[in-house]
Amino acid sequence: MAKCPKGKRSRDWKVGKDHYGNSVIHVGFRERDCTKCPVRSQCTRAKTTPRELTLKLPHEYQTLQQARIRQATDAFKQQYAIRAGVEGTISQAVRGFAVRHCRYVGLAKTHLQHILTAAAMNLVRAVNWLEGVPLAKARQSQFAKLAPVRAIG
Ligand code: SF4
């Protein structure tokens with residue numbers, strides 16, 4: 001049983017599939033509760049049907065929660081920081097050197113293209129370093145720019 005913000009109890013729980021074919025639990029509320037609810041517009045985008053919730057199966061939910069807790073630890077952040085450097089390199093290869101587009105047919109030629117691209121990237125990076133070109137700053141999403149700056153301390 002689930003209770004909505006207005007204190008109404010769910011009508012039923014059913015195991016079903018989401019859009020990706022994963023098993024999920026659908027929770028439905030009663031039409032008579034939702035149809036005339038004063039906060040309906042804040043609760044659901046459905047025009048006429050009652051509110052429905054889609055929940056993960058319990059073991060998947062617990063796994064997700066554990067992963068989120070792990071991601072908040074200093075050890076995880078330290079480990080992920082290494083990946084951040086690799087992501088920058090991959091991004092440069094994709095955006096600056098178009099490595100997603102293979103110019104040749106065949107594994108051997110493709111491999112050669114990747115080696116030459118990696119060498120060119122190293123050359124560009126070395127020249128930039130020698131000329132003192134500053135590293136690009138991490139981009140910030142429009143949403144993040146709107147967020148107020150937190151005071152430290
Ligand atoms: S719309 Fe339905 S589920 Fe949402 S708060 Fe109202 S009664 Fe509850």
# chains A, B, ... in the order shown; residues from 1 in each chain; ligands from 1
>>> residues_around(residues="Arg103 in chain A", least_positions_apart="5", cutoff="9 Å", atoms="only C-alpha atoms", output="list in words")
Lys109, Thr110 and Gln113 of chain A
>>> residues_near_ligand(ligand="ligand 1", cutoff="8 Å", atoms="only C-alpha atoms and all ligand atoms", output="PyMOL selection string")
chain A and resi 3-10+29-31+33-44+50-52
>>> select_by_dssp(residues="chain A", states="strand (DSSP E)", output="PyMOL selection string")
chain A and resi 10-17+23-29+52-56
>>> write_last_selection(atoms="C-alpha atoms", output="PDB file, in the first residue's frame")
ATOM      1  CA  SER A  10      -3.193   3.154  -3.565  1.00  0.00           C
ATOM      2  CA  ARG A  11      -5.695   0.946  -5.353  1.00  0.00           C
ATOM      3  CA  ASP A  12      -3.392  -1.801  -6.611  1.00  0.00           C
ATOM      4  CA  TRP A  13       0.187  -2.914  -7.226  1.00  0.00           C
ATOM      5  CA  LYS A  14       1.058  -4.877 -10.352  1.00  0.00           C
ATOM      6  CA  VAL A  15       4.310  -6.206 -11.694  1.00  0.00           C
ATOM      7  CA  GLY A  16       4.778  -5.091 -15.298  1.00  0.00           C
ATOM      8  CA  LYS A  17       7.375  -3.852 -17.793  1.00  0.00           C
ATOM      9  CA  SER A  23      10.389  -5.508 -14.716  1.00  0.00           C
ATOM     10  CA  VAL A  24       8.816  -2.778 -12.579  1.00  0.00           C
ATOM     11  CA  ILE A  25       5.924  -2.341 -10.178  1.00  0.00           C
ATOM     12  CA  HIS A  26       2.984  -0.175 -11.245  1.00  0.00           C
ATOM     13  CA  VAL A  27       1.074   1.439  -8.389  1.00  0.00           C
ATOM     14  CA  GLY A  28      -2.351   2.830  -9.219  1.00  0.00           C
ATOM     15  CA  PHE A  29      -4.573   5.243  -7.308  1.00  0.00           C
ATOM     16  CA  GLU A  52       0.220   6.019 -11.311  1.00  0.00           C
ATOM     17  CA  LEU A  53       3.660   5.359  -9.895  1.00  0.00           C
ATOM     18  CA  THR A  54       6.320   3.179 -11.462  1.00  0.00           C
ATOM     19  CA  LEU A  55       8.705   1.664  -8.945  1.00  0.00           C
ATOM     20  CA  LYS A  56      11.790  -0.482  -9.278  1.00  0.00           C
TER      21      LYS A  56
END
>>> select_by_dssp(residues="range 30-106 of chain A", states="helix (DSSP H, G or I)", output="PyMOL selection string")
chain A and resi 31-34+40-43+58-71+74-97
>>> atom_distance(atom1="CA of Ala93 in chain A", atom2="CA of Ala138 in chain A")
16.3 Å
>>> closest_residue(among="A:Gln78, A:Thr117, A:Thr73, A:Gln65", to="Val94 in chain A", atoms="only C-alpha atoms")
A:Thr117
